[in-house]
Amino acid sequence: MKAKYLKVVVAMLVCGFVLFTGSVGAKDNPTSYSFTVKPFWKEQGRDNHGKFRESKNLNNPWKVSLTSTTEGSGNGNNYQTNFCLTDYNHERVSNYLKVIQGKGYFTKEAYAEMVEKVVYIAAEDNGFNFSSYSVKGAWDEER
């Protein structure tokens, strides 16, 4: 009788643990990106691999880093690009975030439109450049 009772208690604890960890939501799981940014503030360049933002917490920001860019000459740091998150239809669902190459992750607050949706990392030229350039780095839809 005690063994049967113990098995039931253990099974309930395991189920509770699985349900709890599955519903916690936000995970720190950065994904790499690589795409082309168009000149003259034209349509956004965007990575085609969306991520599902699980968090309902608007205080949980998204983050992005810029590890390399072909903007400008040389391999120096301090090049900047404006990033945002978009939905499937390329509609912006966050404010722009100015990110500096080689300076690690930058974060931005979430919009209500980002809750429990697939979002995509996108960028626009932050200046009046005459040509496209590529950007590479990592991003996460929630910190």
# chains A, B, ... in the order shown; residues from 1 in each chain; ligands from 1
$ residues_around --residues "A:Phe52" --least-positions-apart "2" --cutoff "12 Å" --atoms "only C-alpha atoms" --output "tab-separated table (two decimals) with C-alpha atoms, in the first residue's frame"
chain	number	residue	atom	x	y	z
A	25	GLY	CA	7.94	30.81	-21.11
A	26	ALA	CA	10.95	32.99	-21.76
A	27	LYS	CA	14.11	31.19	-22.72
A	29	ASN	CA	18.23	31.06	-26.78
A	49	HIS	CA	13.67	32.63	-39.73
A	50	GLY	CA	11.07	33.78	-37.24
A	54	GLU	CA	6.31	32.90	-25.66
A	55	SER	CA	6.48	35.50	-22.94
A	56	LYS	CA	3.38	37.46	-21.96
A	62	TRP	CA	14.20	41.38	-26.94
A	85	LEU	CA	11.14	43.12	-34.87
A	86	THR	CA	8.47	42.52	-37.49
A	87	ASP	CA	5.57	40.16	-37.94
A	88	TYR	CA	5.12	37.75	-40.85
A	114	MET	CA	4.68	40.79	-29.79
A	115	VAL	CA	2.97	38.59	-27.19
A	116	GLU	CA	2.72	34.93	-28.15
A	117	LYS	CA	3.53	35.56	-31.82
A	118	VAL	CA	6.22	34.67	-34.32
A	119	VAL	CA	8.55	37.64	-34.80
A	120	TYR	CA	11.45	38.29	-37.17
A	121	ILE	CA	14.61	40.36	-36.79
A	140	ASP	CA	16.67	36.60	-29.22
A	141	GLU	CA	12.97	37.43	-29.16
A	142	GLU	CA	13.07	37.53	-25.36
$ residues_around --residues "A:Asp125" --least-positions-apart "2" --cutoff "12 Å" --atoms "only C-alpha atoms" --output "PyMOL selection string"
chain A and resi 36-46+69+71+79-84+96-99+122-123+127-135
$ write_last_selection --atoms "N, CA and C atoms" --output "tab-separated table (two decimals), in the first residue's frame"
chain	number	residue	atom	x	y	z
A	36	THR	N	20.75	41.18	-45.86
A	36	THR	CA	21.18	42.41	-46.51
A	36	THR	C	20.26	43.56	-46.13
A	37	VAL	N	20.86	44.71	-45.82
A	37	VAL	CA	20.14	45.94	-45.51
A	37	VAL	C	20.14	46.80	-46.76
A	38	LYS	N	18.98	47.30	-47.14
A	38	LYS	CA	18.82	48.11	-48.35
A	38	LYS	C	19.22	49.56	-48.11
A	39	PRO	N	19.61	50.31	-49.17
A	39	PRO	CA	20.02	51.71	-49.00
A	39	PRO	C	18.84	52.67	-48.83
A	40	PHE	N	19.15	53.88	-48.37
A	40	PHE	CA	18.22	55.01	-48.32
A	40	PHE	C	16.96	54.76	-47.51
A	41	TRP	N	17.04	54.11	-46.41
A	41	TRP	CA	15.89	53.85	-45.54
A	41	TRP	C	14.76	53.13	-46.27
A	42	LYS	N	15.09	52.38	-47.28
A	42	LYS	CA	14.06	51.66	-48.03
A	42	LYS	C	13.55	50.49	-47.20
A	43	GLU	N	12.82	49.59	-47.85
A	43	GLU	CA	12.24	48.46	-47.14
A	43	GLU	C	13.29	47.76	-46.28
A	44	GLN	N	12.83	47.21	-45.21
A	44	GLN	CA	13.71	46.57	-44.25
A	44	GLN	C	14.32	45.30	-44.82
A	45	GLY	N	15.60	45.09	-44.51
A	45	GLY	CA	16.18	43.78	-44.71
A	45	GLY	C	15.71	42.92	-43.56
A	46	ARG	N	15.53	41.63	-43.78
A	46	ARG	CA	14.99	40.80	-42.71
A	46	ARG	C	15.50	39.38	-42.82
A	69	THR	N	29.54	43.67	-40.24
A	69	THR	CA	28.78	44.38	-41.26
A	69	THR	C	29.73	44.76	-42.38
A	71	GLU	N	29.11	47.47	-44.07
A	71	GLU	CA	28.90	48.91	-44.19
A	71	GLU	C	30.24	49.61	-44.00
A	79	TYR	N	30.34	50.73	-36.37
A	79	TYR	CA	29.30	50.85	-37.38
A	79	TYR	C	27.98	50.56	-36.69
A	80	GLN	N	26.92	51.28	-37.09
A	80	GLN	CA	25.62	51.16	-36.44
A	80	GLN	C	24.55	50.80	-37.45
A	81	THR	N	23.59	50.01	-36.99
A	81	THR	CA	22.43	49.67	-37.80
A	81	THR	C	21.21	49.70	-36.89
A	82	ASN	N	20.07	50.12	-37.43
A	82	ASN	CA	18.81	50.16	-36.68
A	82	ASN	C	18.05	48.85	-36.87
A	83	PHE	N	17.81	48.14	-35.78
A	83	PHE	CA	17.09	46.88	-35.81
A	83	PHE	C	15.70	47.04	-35.22
A	84	CYS	N	14.80	46.17	-35.62
A	84	CYS	CA	13.45	46.11	-35.04
A	84	CYS	C	12.95	44.68	-35.22
A	96	TYR	N	12.54	50.87	-33.18
A	96	TYR	CA	13.89	50.59	-33.68
A	96	TYR	C	14.89	50.66	-32.53
A	97	LEU	N	15.95	49.90	-32.67
A	97	LEU	CA	17.02	49.84	-31.68
A	97	LEU	C	18.33	50.04	-32.42
A	98	LYS	N	19.07	51.10	-32.10
A	98	LYS	CA	20.36	51.35	-32.71
A	98	LYS	C	21.39	50.42	-32.07
A	99	VAL	N	22.03	49.59	-32.90
A	99	VAL	CA	22.99	48.60	-32.40
A	99	VAL	C	24.36	48.92	-32.99
A	122	ALA	N	14.70	42.38	-38.11
A	122	ALA	CA	14.80	43.17	-39.34
A	122	ALA	C	15.68	44.39	-39.06
A	123	ALA	N	16.14	45.03	-40.13
A	123	ALA	CA	16.99	46.22	-39.97
A	123	ALA	C	16.78	47.17	-41.13
A	127	GLY	N	21.39	55.53	-42.21
A	127	GLY	CA	21.94	56.72	-42.83
A	127	GLY	C	21.49	56.81	-44.28
A	128	PHE	N	22.15	57.65	-45.01
A	128	PHE	CA	21.80	57.85	-46.41
A	128	PHE	C	22.88	57.19	-47.27
A	129	ASN	N	22.99	55.87	-47.15
A	129	ASN	CA	24.00	55.12	-47.90
A	129	ASN	C	23.51	54.88	-49.32
A	130	PHE	N	24.46	54.80	-50.25
A	130	PHE	CA	24.12	54.61	-51.65
A	130	PHE	C	24.08	53.14	-52.06
A	131	SER	N	24.43	52.25	-51.17
A	131	SER	CA	24.42	50.83	-51.54
A	131	SER	C	23.96	49.97	-50.37
A	132	SER	N	23.57	48.75	-50.70
A	132	SER	CA	23.18	47.78	-49.68
A	132	SER	C	24.42	47.29	-48.93
A	133	TYR	N	24.19	46.74	-47.76
A	133	TYR	CA	25.29	46.12	-47.02
A	133	TYR	C	24.74	44.95	-46.21
A	134	SER	N	25.62	44.02	-45.88
A	134	SER	CA	25.18	42.85	-45.13
A	134	SER	C	25.47	43.02	-43.64
A	135	VAL	N	24.65	42.36	-42.83
A	135	VAL	CA	24.82	42.37	-41.38
A	135	VAL	C	24.76	40.93	-40.88
$ atom_distance --atom1 "atom CA of A:Gln101" --atom2 "atom CA of A:Gly137"
8.9 Å
$ atom_distance --atom1 "atom CA of A:Ile100" --atom2 "atom CA of A:Pro61"
17.7 Å
$ atom_distance --atom1 "atom CA of A:Asn59" --atom2 "atom CA of A:Lys136"
26.3 Å
$ closest_residue --among "A:Glu113, A:Asn78, A:Ala138, A:Asn95" --to "A:Leu66" --atoms "only C-alpha atoms"
A:Ala138
